[in-house]
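Structure file model08.pdb; described as PDB, C-alpha atoms.
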ATOM      1  CA  MET A   1      66.484  93.146 112.313  1.00  0.00           C
ATOM      2  CA  SER A   2      64.098  94.384 109.619  1.00  0.00           C
ATOM      3  CA  ASP A   3      66.078  97.626 109.370  1.00  0.00           C
ATOM      4  CA  ALA A   4      69.283  95.693 108.585  1.00  0.00           C
ATOM      5  CA  LYS A   5      70.593  96.018 105.040  1.00  0.00           C
ATOM      6  CA  LYS A   6      69.955  93.002 102.853  1.00  0.00           C
ATOM      7  CA  LEU A   7      72.167  91.205 100.324  1.00  0.00           C
ATOM      8  CA  ALA A   8      70.735  88.683  97.874  1.00  0.00           C
ATOM      9  CA  ILE A   9      73.083  86.527  95.781  1.00  0.00           C
ATOM     10  CA  ILE A  10      72.373  84.026  93.024  1.00  0.00           C
ATOM     11  CA  ALA A  11      75.214  81.492  92.746  1.00  0.00           C
ATOM     12  CA  THR A  12      75.215  79.750  89.364  1.00  0.00           C
ATOM     13  CA  LYS A  13      78.727  78.389  88.954  1.00  0.00           C
ATOM     14  CA  GLY A  14      80.221  75.168  90.270  1.00  0.00           C
ATOM     15  CA  THR A  15      83.969  75.577  89.884  1.00  0.00           C
ATOM     16  CA  LEU A  16      86.613  76.088  92.565  1.00  0.00           C
ATOM     17  CA  ASP A  17      87.412  79.653  91.486  1.00  0.00           C
ATOM     18  CA  TRP A  18      83.784  80.747  91.182  1.00  0.00           C
ATOM     19  CA  ALA A  19      82.893  79.224  94.539  1.00  0.00           C
ATOM     20  CA  TYR A  20      84.750  82.059  96.239  1.00  0.00           C
ATOM     21  CA  PRO A  21      82.804  85.233  95.327  1.00  0.00           C
ATOM     22  CA  PRO A  22      79.437  84.171  96.773  1.00  0.00           C
ATOM     23  CA  PHE A  23      80.890  82.821 100.027  1.00  0.00           C
ATOM     24  CA  ILE A  24      83.394  85.672 100.530  1.00  0.00           C
ATOM     25  CA  LEU A  25      80.777  88.338  99.916  1.00  0.00           C
ATOM     26  CA  ALA A  26      78.066  86.627 101.955  1.00  0.00           C
ATOM     27  CA  SER A  27      80.275  85.990 104.989  1.00  0.00           C
ATOM     28  CA  THR A  28      81.675  89.532 104.908  1.00  0.00           C
ATOM     29  CA  ALA A  29      78.233  91.073 104.494  1.00  0.00           C
ATOM     30  CA  ALA A  30      76.999  89.049 107.462  1.00  0.00           C
ATOM     31  CA  ALA A  31      79.943  90.340 109.517  1.00  0.00           C
ATOM     32  CA  LEU A  32      78.943  93.883 108.571  1.00  0.00           C
ATOM     33  CA  GLY A  33      75.421  93.273 109.787  1.00  0.00           C
ATOM     34  CA  TYR A  34      73.681  92.477 106.516  1.00  0.00           C
ATOM     35  CA  GLU A  35      70.886  89.973 106.401  1.00  0.00           C
ATOM     36  CA  THR A  36      72.138  87.686 103.636  1.00  0.00           C
ATOM     37  CA  GLN A  37      70.658  85.034 101.412  1.00  0.00           C
ATOM     38  CA  ILE A  38      72.229  82.926  98.645  1.00  0.00           C
ATOM     39  CA  PHE A  39      70.105  81.172  96.044  1.00  0.00           C
ATOM     40  CA  PHE A  40      72.013  78.256  94.466  1.00  0.00           C
ATOM     41  CA  THR A  41      70.912  77.219  91.011  1.00  0.00           C
ATOM     42  CA  PHE A  42      72.237  75.045  88.195  1.00  0.00           C
ATOM     43  CA  TYR A  43      75.985  74.363  88.680  1.00  0.00           C
ATOM     44  CA  GLY A  44      75.967  76.519  91.796  1.00  0.00           C
ATOM     45  CA  LEU A  45      74.309  73.574  93.556  1.00  0.00           C
ATOM     46  CA  GLN A  46      77.727  71.873  93.592  1.00  0.00           C
ATOM     47  CA  LEU A  47      78.724  74.387  96.278  1.00  0.00           C
ATOM     48  CA  LEU A  48      76.170  72.907  98.663  1.00  0.00           C
ATOM     49  CA  ARG A  49      77.471  69.344  98.596  1.00  0.00           C
ATOM     50  CA  LYS A  50      78.687  67.948 101.913  1.00  0.00           C
ATOM     51  CA  LYS A  51      81.782  66.645 100.170  1.00  0.00           C
ATOM     52  CA  LEU A  52      83.018  69.311  97.805  1.00  0.00           C
ATOM     53  CA  ALA A  53      84.885  68.117  94.723  1.00  0.00           C
ATOM     54  CA  LEU A  54      85.306  71.485  93.049  1.00  0.00           C
ATOM     55  CA  LYS A  55      87.779  71.859  90.214  1.00  0.00           C
ATOM     56  CA  VAL A  56      89.230  74.743  88.276  1.00  0.00           C
ATOM     57  CA  SER A  57      89.714  74.371  84.546  1.00  0.00           C
ATOM     58  CA  PRO A  58      92.161  76.250  82.330  1.00  0.00           C
ATOM     59  CA  LEU A  59      90.111  75.128  79.313  1.00  0.00           C
ATOM     60  CA  GLY A  60      88.451  78.060  77.619  1.00  0.00           C
ATOM     61  CA  ASN A  61      89.895  80.445  80.201  1.00  0.00           C
ATOM     62  CA  PRO A  62      92.560  82.608  78.540  1.00  0.00           C
ATOM     63  CA  GLY A  63      92.833  84.734  81.681  1.00  0.00           C
ATOM     64  CA  MET A  64      94.219  81.919  83.782  1.00  0.00           C
ATOM     65  CA  PRO A  65      97.972  82.015  84.443  1.00  0.00           C
ATOM     66  CA  MET A  66      99.612  78.647  83.791  1.00  0.00           C
ATOM     67  CA  PRO A  67     102.993  77.190  84.776  1.00  0.00           C
ATOM     68  CA  MET A  68     106.022  77.366  82.451  1.00  0.00           C
ATOM     69  CA  GLY A  69     104.279  79.839  80.153  1.00  0.00           C
ATOM     70  CA  MET A  70     102.068  77.074  78.812  1.00  0.00           C
ATOM     71  CA  ASP A  71      99.275  79.524  78.227  1.00  0.00           C
ATOM     72  CA  LYS A  72     101.557  81.342  75.761  1.00  0.00           C
ATOM     73  CA  TRP A  73     102.983  78.321  73.940  1.00  0.00           C
ATOM     74  CA  PHE A  74      99.913  76.125  73.730  1.00  0.00           C
ATOM     75  CA  PRO A  75      97.000  78.507  73.997  1.00  0.00           C
ATOM     76  CA  VAL A  76      94.331  75.927  73.209  1.00  0.00           C
ATOM     77  CA  LEU A  77      95.992  72.509  73.120  1.00  0.00           C
ATOM     78  CA  GLY A  78      97.849  73.045  76.386  1.00  0.00           C
ATOM     79  CA  THR A  79      94.642  73.510  78.274  1.00  0.00           C
ATOM     80  CA  ALA A  80      93.105  70.399  76.725  1.00  0.00           C
ATOM     81  CA  ILE A  81      95.852  67.957  77.770  1.00  0.00           C
ATOM     82  CA  PRO A  82      94.316  65.131  79.829  1.00  0.00           C
ATOM     83  CA  GLY A  83      95.008  65.643  83.513  1.00  0.00           C
ATOM     84  CA  MET A  84      95.552  69.371  83.128  1.00  0.00           C
ATOM     85  CA  GLN A  85      92.414  70.150  85.119  1.00  0.00           C
ATOM     86  CA  ALA A  86      93.590  68.043  88.062  1.00  0.00           C
ATOM     87  CA  VAL A  87      97.033  69.645  87.935  1.00  0.00           C
ATOM     88  CA  MET A  88      95.636  73.183  87.847  1.00  0.00           C
ATOM     89  CA  THR A  89      93.180  72.398  90.658  1.00  0.00           C
ATOM     90  CA  ALA A  90      95.959  71.069  92.877  1.00  0.00           C
ATOM     91  CA  MET A  91      98.151  74.071  92.060  1.00  0.00           C
ATOM     92  CA  MET A  92      95.371  76.542  92.767  1.00  0.00           C
ATOM     93  CA  LYS A  93      94.599  74.897  96.111  1.00  0.00           C
ATOM     94  CA  SER A  94      98.208  74.891  97.273  1.00  0.00           C
ATOM     95  CA  LYS A  95      98.681  78.482  96.104  1.00  0.00           C
ATOM     96  CA  MET A  96      95.621  79.566  98.063  1.00  0.00           C
ATOM     97  CA  LYS A  97      96.785  77.750 101.162  1.00  0.00           C
ATOM     98  CA  SER A  98     100.223  79.361 100.985  1.00  0.00           C
ATOM     99  CA  LYS A  99      98.662  82.828 100.676  1.00  0.00           C
ATOM    100  CA  GLY A 100      96.354  82.357 103.644  1.00  0.00           C
ATOM    101  CA  VAL A 101      93.186  82.255 101.562  1.00  0.00           C
ATOM    102  CA  ALA A 102      90.432  80.303 103.301  1.00  0.00           C
ATOM    103  CA  SER A 103      89.160  77.049 101.824  1.00  0.00           C
ATOM    104  CA  VAL A 104      85.673  77.027 100.310  1.00  0.00           C
ATOM    105  CA  GLU A 105      84.568  74.681 103.122  1.00  0.00           C
ATOM    106  CA  GLU A 106      85.801  77.142 105.752  1.00  0.00           C
ATOM    107  CA  LEU A 107      84.065  80.123 104.140  1.00  0.00           C
ATOM    108  CA  ARG A 108      80.881  78.135 103.748  1.00  0.00           C
ATOM    109  CA  SER A 109      80.804  77.137 107.402  1.00  0.00           C
ATOM    110  CA  LEU A 110      81.528  80.754 108.386  1.00  0.00           C
ATOM    111  CA  CYS A 111      78.464  81.701 106.341  1.00  0.00           C
ATOM    112  CA  GLN A 112      76.405  79.079 108.140  1.00  0.00           C
ATOM    113  CA  GLU A 113      77.624  80.282 111.543  1.00  0.00           C
ATOM    114  CA  ALA A 114      76.652  83.826 110.571  1.00  0.00           C
ATOM    115  CA  ASP A 115      73.112  82.715 109.665  1.00  0.00           C
ATOM    116  CA  VAL A 116      73.474  83.285 105.938  1.00  0.00           C
ATOM    117  CA  LYS A 117      70.368  81.675 104.513  1.00  0.00           C
ATOM    118  CA  MET A 118      71.111  79.202 101.721  1.00  0.00           C
ATOM    119  CA  ILE A 119      68.418  78.123  99.318  1.00  0.00           C
ATOM    120  CA  ALA A 120      68.769  75.335  96.766  1.00  0.00           C
ATOM    121  CA  CYS A 121      66.792  75.718  93.568  1.00  0.00           C
ATOM    122  CA  GLN A 122      64.263  72.895  93.713  1.00  0.00           C
ATOM    123  CA  MET A 123      63.830  72.768  89.956  1.00  0.00           C
ATOM    124  CA  THR A 124      67.550  72.214  89.250  1.00  0.00           C
ATOM    125  CA  VAL A 125      67.846  69.689  92.090  1.00  0.00           C
ATOM    126  CA  ASP A 126      65.120  67.676  90.328  1.00  0.00           C
ATOM    127  CA  LEU A 127      66.546  68.320  86.864  1.00  0.00           C
ATOM    128  CA  PHE A 128      69.956  66.892  87.763  1.00  0.00           C
ATOM    129  CA  ASP A 129      68.506  64.129  89.957  1.00  0.00           C
ATOM    130  CA  MET A 130      70.534  65.406  92.888  1.00  0.00           C
ATOM    131  CA  SER A 131      69.868  63.934  96.304  1.00  0.00           C
ATOM    132  CA  PRO A 132      68.946  66.463  99.010  1.00  0.00           C
ATOM    133  CA  SER A 133      70.801  64.272 101.511  1.00  0.00           C
ATOM    134  CA  SER A 134      74.075  64.989  99.701  1.00  0.00           C
ATOM    135  CA  PHE A 135      73.767  68.674 100.664  1.00  0.00           C
ATOM    136  CA  VAL A 136      74.926  70.316 103.884  1.00  0.00           C
ATOM    137  CA  ASP A 137      72.383  70.617 106.689  1.00  0.00           C
ATOM    138  CA  GLY A 138      70.351  73.716 107.314  1.00  0.00           C
ATOM    139  CA  ILE A 139      69.606  74.683 103.734  1.00  0.00           C
ATOM    140  CA  GLU A 140      66.161  75.323 102.330  1.00  0.00           C
ATOM    141  CA  PHE A 141      64.615  74.453  98.989  1.00  0.00           C
ATOM    142  CA  GLY A 142      62.630  76.864  96.884  1.00  0.00           C
ATOM    143  CA  GLY A 143      61.957  78.375  93.503  1.00  0.00           C
ATOM    144  CA  ALA A 144      62.154  81.705  91.730  1.00  0.00           C
ATOM    145  CA  ALA A 145      59.282  83.187  93.714  1.00  0.00           C
ATOM    146  CA  THR A 146      61.060  82.272  96.965  1.00  0.00           C
ATOM    147  CA  PHE A 147      64.113  84.133  95.747  1.00  0.00           C
ATOM    148  CA  PHE A 148      62.148  87.264  94.880  1.00  0.00           C
ATOM    149  CA  GLU A 149      60.468  87.340  98.258  1.00  0.00           C
ATOM    150  CA  PHE A 150      63.858  88.256  99.749  1.00  0.00           C
ATOM    151  CA  ALA A 151      65.541  89.826  96.697  1.00  0.00           C
ATOM    152  CA  GLY A 152      62.685  92.275  96.228  1.00  0.00           C
ATOM    153  CA  GLU A 153      63.482  93.746  99.634  1.00  0.00           C
ATOM    154  CA  SER A 154      67.255  93.640  99.194  1.00  0.00           C
ATOM    155  CA  ASP A 155      69.641  96.598  99.012  1.00  0.00           C
ATOM    156  CA  ILE A 156      72.168  94.679  96.918  1.00  0.00           C
ATOM    157  CA  CYS A 157      71.430  91.860  94.510  1.00  0.00           C
ATOM    158  CA  LEU A 158      74.217  89.960  92.744  1.00  0.00           C
ATOM    159  CA  TYR A 159      74.196  87.329  90.023  1.00  0.00           C
ATOM    160  CA  ILE A 160      77.380  85.285  90.199  1.00  0.00           C
TER     161      ILE A 160
ATOM    162  CA  MET B 161      99.822 101.753 121.840  1.00  0.00           C
ATOM    163  CA  ALA B 162      96.811 102.238 124.072  1.00  0.00           C
ATOM    164  CA  ASN B 163      95.588  99.485 126.343  1.00  0.00           C
ATOM    165  CA  PHE B 164      93.439  96.722 125.002  1.00  0.00           C
ATOM    166  CA  ASP B 165      91.267  93.978 126.490  1.00  0.00           C
ATOM    167  CA  GLN B 166      91.713  91.233 123.938  1.00  0.00           C
ATOM    168  CA  GLU B 167      94.168  90.383 121.164  1.00  0.00           C
ATOM    169  CA  LEU B 168      93.599  88.688 117.827  1.00  0.00           C
ATOM    170  CA  ASP B 169      96.524  87.541 115.711  1.00  0.00           C
ATOM    171  CA  ALA B 170      95.312  87.306 112.120  1.00  0.00           C
ATOM    172  CA  SER B 171      98.831  87.159 110.656  1.00  0.00           C
ATOM    173  CA  GLY B 172      99.074  85.128 107.461  1.00  0.00           C
ATOM    174  CA  LEU B 173      95.328  85.238 106.878  1.00  0.00           C
ATOM    175  CA  ASN B 174      93.922  86.781 103.737  1.00  0.00           C
ATOM    176  CA  CYS B 175      90.686  88.598 102.873  1.00  0.00           C
ATOM    177  CA  PRO B 176      88.051  88.229 104.284  1.00  0.00           C
ATOM    178  CA  LEU B 177      89.345  86.171 107.222  1.00  0.00           C
ATOM    179  CA  PRO B 178      90.840  88.993 109.346  1.00  0.00           C
ATOM    180  CA  ILE B 179      87.490  90.826 109.280  1.00  0.00           C
ATOM    181  CA  LEU B 180      85.492  87.668 110.019  1.00  0.00           C
ATOM    182  CA  ARG B 181      87.774  86.698 112.922  1.00  0.00           C
ATOM    183  CA  ALA B 182      87.588  90.243 114.304  1.00  0.00           C
ATOM    184  CA  LYS B 183      83.814  90.205 114.120  1.00  0.00           C
ATOM    185  CA  LYS B 184      83.778  86.905 116.007  1.00  0.00           C
ATOM    186  CA  SER B 185      86.112  88.209 118.712  1.00  0.00           C
ATOM    187  CA  LEU B 186      84.073  91.400 119.124  1.00  0.00           C
ATOM    188  CA  ALA B 187      80.896  89.347 119.498  1.00  0.00           C
ATOM    189  CA  GLY B 188      82.306  87.847 122.692  1.00  0.00           C
ATOM    190  CA  MET B 189      83.339  91.213 124.174  1.00  0.00           C
ATOM    191  CA  GLU B 190      81.541  93.899 126.196  1.00  0.00           C
ATOM    192  CA  GLY B 191      80.664  97.348 124.834  1.00  0.00           C
ATOM    193  CA  GLY B 192      83.563  99.777 125.377  1.00  0.00           C
ATOM    194  CA  GLN B 193      86.200  97.022 125.408  1.00  0.00           C
ATOM    195  CA  VAL B 194      89.088  97.264 122.952  1.00  0.00           C
ATOM    196  CA  LEU B 195      90.294  94.577 120.537  1.00  0.00           C
ATOM    197  CA  HIS B 196      93.874  94.614 119.253  1.00  0.00           C
ATOM    198  CA  ILE B 197      94.184  92.978 115.836  1.00  0.00           C
ATOM    199  CA  ILE B 198      97.455  92.049 114.170  1.00  0.00           C
ATOM    200  CA  ALA B 199      97.327  91.327 110.430  1.00  0.00           C
ATOM    201  CA  THR B 200      99.719  90.905 107.513  1.00  0.00           C
ATOM    202  CA  ASP B 201      97.193  91.376 104.689  1.00  0.00           C
ATOM    203  CA  PRO B 202      97.793  94.895 103.278  1.00  0.00           C
ATOM    204  CA  GLY B 203      94.155  94.996 102.173  1.00  0.00           C
ATOM    205  CA  SER B 204      93.098  94.865 105.808  1.00  0.00           C
ATOM    206  CA  VAL B 205      93.998  98.563 106.290  1.00  0.00           C
ATOM    207  CA  LYS B 206      91.155  99.758 104.081  1.00  0.00           C
ATOM    208  CA  ASP B 207      88.939  96.876 105.123  1.00  0.00           C
ATOM    209  CA  PHE B 208      89.088  97.651 108.844  1.00  0.00           C
ATOM    210  CA  GLU B 209      88.276 101.314 108.095  1.00  0.00           C
ATOM    211  CA  ALA B 210      85.232 100.158 106.127  1.00  0.00           C
ATOM    212  CA  PHE B 211      84.290  97.601 108.784  1.00  0.00           C
ATOM    213  CA  SER B 212      84.427 100.253 111.483  1.00  0.00           C
ATOM    214  CA  LYS B 213      82.342 102.741 109.484  1.00  0.00           C
ATOM    215  CA  GLN B 214      79.657 100.196 108.721  1.00  0.00           C
ATOM    216  CA  THR B 215      79.396  98.498 112.101  1.00  0.00           C
ATOM    217  CA  GLY B 216      79.846 101.554 114.330  1.00  0.00           C
ATOM    218  CA  ASN B 217      82.746  99.964 116.226  1.00  0.00           C
ATOM    219  CA  GLU B 218      85.328 102.741 116.515  1.00  0.00           C
ATOM    220  CA  LEU B 219      88.731 102.240 114.842  1.00  0.00           C
ATOM    221  CA  MET B 220      90.919 103.941 117.457  1.00  0.00           C
ATOM    222  CA  GLU B 221      94.257 103.208 115.853  1.00  0.00           C
ATOM    223  CA  SER B 222      95.641 101.804 112.614  1.00  0.00           C
ATOM    224  CA  ARG B 223      99.381 101.563 112.056  1.00  0.00           C
ATOM    225  CA  GLU B 224     102.089  99.558 110.321  1.00  0.00           C
ATOM    226  CA  ASP B 225     105.075  98.233 112.160  1.00  0.00           C
ATOM    227  CA  GLY B 226     107.691  96.034 110.501  1.00  0.00           C
ATOM    228  CA  GLY B 227     105.403  94.577 107.851  1.00  0.00           C
ATOM    229  CA  LYS B 228     102.567  93.952 110.306  1.00  0.00           C
ATOM    230  CA  PHE B 229      99.406  95.971 110.604  1.00  0.00           C
ATOM    231  CA  HIS B 230      97.979  96.795 114.008  1.00  0.00           C
ATOM    232  CA  PHE B 231      94.426  97.903 114.663  1.00  0.00           C
ATOM    233  CA  LEU B 232      92.617  98.922 117.811  1.00  0.00           C
ATOM    234  CA  ILE B 233      88.858  98.633 117.627  1.00  0.00           C
ATOM    235  CA  LYS B 234      86.529  99.681 120.419  1.00  0.00           C
ATOM    236  CA  LYS B 235      83.317  97.704 120.582  1.00  0.00           C
ATOM    237  CA  ALA B 236      80.232  99.919 120.303  1.00  0.00           C
TER     238      ALA B 236
END
Show how you would write the structure in this file as structure tokens.
Amino acid sequence: MSDAKKLAIIATKGTLDWAYPPFILASTAAALGYETQIFFTFYGLQLLRKKLALKVSPLGNPGMPMPMGMDKWFPVLGTAIPGMQAVMTAMMKSKMKSKGVASVEELRSLCQEADVKMIACQMTVDLFDMSPSSFVDGIEFGGAATFFEFAGESDICLYI
Amino acid sequence: MANFDQELDASGLNCPLPILRAKKSLAGMEGGQVLHIIATDPGSVKDFEAFSKQTGNELMESREDGGKFHFLIKKA
């Protein structure tokens, strides 16, 4: 498979909305025959947890549509109301379900089935005192040089 | 519509699920066999064209019928 195209992704964000691009692109690339690798670093490591507790926050995100025009009436304060993050996360999840968008868990397991290689950044795992046993099975641990070994040969390289 | 060997109903599913399910179905089929896919995601029209071009599995037919999209893909 050395003549297969290669996609290398760095996943750096740990929110519900930003969990989608790496897993959607990686699973689709794998379906198209790409050899695919995702390097998870900093907050991106949250996407590797067995039990995902990803949230979406309207705070500091003026592009996020909010119910009842709240984003218009309370541009800053509205997003800072306690509990708003939980409300928006629940709304986003139910909206996605109703539109037939896959859950992050589903996309992640599709990636695993398709042999997408997932690498956790060892340095950030240590930095945040994260336990490797809290991550899904089948991932590898490595550093920047590990990433470049694959990324240097890749046809597409994305920083998300 | 031409004959097909297997059918995949991806109605209600959104990007990229129809493509991923199709890929999975094709993986279990023999070369030359035809997969009939039904989808409701309008984005799947362009996506199945792109999927076919990149994987070499021929898109024999792509049509809309009453809000549903039908595709026939022949496994390479």
Could the residues of chain A that have an atom at most 8 Å from chain B be listed as a tab-separated table, each with its closest atom pair and the distance in Å to one decimal, counting all atoms listed in the file and ordered by chain and ascending residue number?
residue	atom	partner	partner_atom	distance
A:Ile24	CA	B:Pro176	CA	6.5
A:Ser27	CA	B:Leu180	CA	7.4
A:Thr28	CA	B:Pro176	CA	6.5
A:Ala31	CA	B:Lys183	CA	6.0
A:Leu32	CA	B:Thr215	CA	5.8
A:Gly33	CA	B:Thr215	CA	7.0
A:Lys99	CA	B:Asn174	CA	6.9
A:Gly100	CA	B:Leu173	CA	4.5
A:Val101	CA	B:Asn174	CA	5.1
A:Ala102	CA	B:Leu177	CA	7.1
May I ask which of the residues A:Leu54, A:Trp73, A:Gly14, A:Arg108 is the closest one to Met88 of chain A, counting only C-alpha atoms?
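With only C-alpha atoms as the atom set, the closest residue is A:Leu54.
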Carefully work through the PyMOL selection byres ((chain B and resi 185) around 12) for this structure and note down the residues it includes, as a PyMOL selection string.
(chain A and resi 31) or (chain B and resi 165-170+178-184+186-190+193-197+233-235)
Generate the output file for the selected residues, C-alpha atoms, as an mmCIF file, in the coordinates of the input.
data_model
loop_
_atom_site.group_PDB
_atom_site.id
_atom_site.type_symbol
_atom_site.label_atom_id
_atom_site.label_comp_id
_atom_site.auth_asym_id
_atom_site.auth_seq_id
_atom_site.Cartn_x
_atom_site.Cartn_y
_atom_site.Cartn_z
ATOM 1 C CA ALA A 31 79.943 90.340 109.517
ATOM 2 C CA ASP B 165 91.267 93.978 126.490
ATOM 3 C CA GLN B 166 91.713 91.233 123.938
ATOM 4 C CA GLU B 167 94.168 90.383 121.164
ATOM 5 C CA LEU B 168 93.599 88.688 117.827
ATOM 6 C CA ASP B 169 96.524 87.541 115.711
ATOM 7 C CA ALA B 170 95.312 87.306 112.120
ATOM 8 C CA PRO B 178 90.840 88.993 109.346
ATOM 9 C CA ILE B 179 87.490 90.826 109.280
ATOM 10 C CA LEU B 180 85.492 87.668 110.019
ATOM 11 C CA ARG B 181 87.774 86.698 112.922
ATOM 12 C CA ALA B 182 87.588 90.243 114.304
ATOM 13 C CA LYS B 183 83.814 90.205 114.120
ATOM 14 C CA LYS B 184 83.778 86.905 116.007
ATOM 15 C CA LEU B 186 84.073 91.400 119.124
ATOM 16 C CA ALA B 187 80.896 89.347 119.498
ATOM 17 C CA GLY B 188 82.306 87.847 122.692
ATOM 18 C CA MET B 189 83.339 91.213 124.174
ATOM 19 C CA GLU B 190 81.541 93.899 126.196
ATOM 20 C CA GLN B 193 86.200 97.022 125.408
ATOM 21 C CA VAL B 194 89.088 97.264 122.952
ATOM 22 C CA LEU B 195 90.294 94.577 120.537
ATOM 23 C CA HIS B 196 93.874 94.614 119.253
ATOM 24 C CA ILE B 197 94.184 92.978 115.836
ATOM 25 C CA ILE B 233 88.858 98.633 117.627
ATOM 26 C CA LYS B 234 86.529 99.681 120.419
ATOM 27 C CA LYS B 235 83.317 97.704 120.582
#
Starting from the displayed file, determine the output of the PyMOL selection byres ((chain A and resi 12) around 8) and express the residue list as JSON, numbers by chain.
{"A": [10, 11, 13, 14, 40, 41, 42, 43, 44, 45, 159, 160]}
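Shortest atom-to-atom contact with Leu25 of chain A among A:Leu110, A:Ala151, A:Ala4, A:Val136: A:Leu110, counting all atoms listed in the file.
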Answer key for the PyMOL selection byres ((chain A and resi 62) around 12), residues as a CSV table (one decimal) with C-alpha atoms, in the frame of the given file:
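Output file part-v3.csv is given in full below:
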chain,number,residue,atom,x,y,z
A,57,SER,CA,89.7,74.4,84.5
A,58,PRO,CA,92.2,76.2,82.3
A,59,LEU,CA,90.1,75.1,79.3
A,60,GLY,CA,88.5,78.1,77.6
A,61,ASN,CA,89.9,80.4,80.2
A,63,GLY,CA,92.8,84.7,81.7
A,64,MET,CA,94.2,81.9,83.8
A,65,PRO,CA,98.0,82.0,84.4
A,66,MET,CA,99.6,78.6,83.8
A,70,MET,CA,102.1,77.1,78.8
A,71,ASP,CA,99.3,79.5,78.2
A,72,LYS,CA,101.6,81.3,75.8
A,74,PHE,CA,99.9,76.1,73.7
A,75,PRO,CA,97.0,78.5,74.0
A,76,VAL,CA,94.3,75.9,73.2
A,77,LEU,CA,96.0,72.5,73.1
A,78,GLY,CA,97.8,73.0,76.4
A,79,THR,CA,94.6,73.5,78.3
So the first atom is atom CA of Gln122 of chain A and the second is atom CA of Ala145 of chain A; what is the distance between them in Å, to one decimal place?
11.4 Å
Nearest residue to Thr89 of chain A from the set A:Lys6, A:Lys55, A:Lys117, A:Arg49 (distances using only C-alpha atoms)
A:Lys55
Atom CA of Ile139 of chain A and atom CA of Ala26 of chain A, how far apart in Å?
14.7 Å
Quick check, in Å to one decimal: how far apart do atom CA of Asp115 of chain A and atom CA of Glu140 of chain A lie?
12.5 Å
Residue with smallest distance to Lys206 of chain B - pool B:Gly191, B:Phe231, B:Gly226, B:Asn163, counting all atoms listed in the file:
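Closest to Lys206 of chain B, using all atoms listed in the file: B:Phe231.
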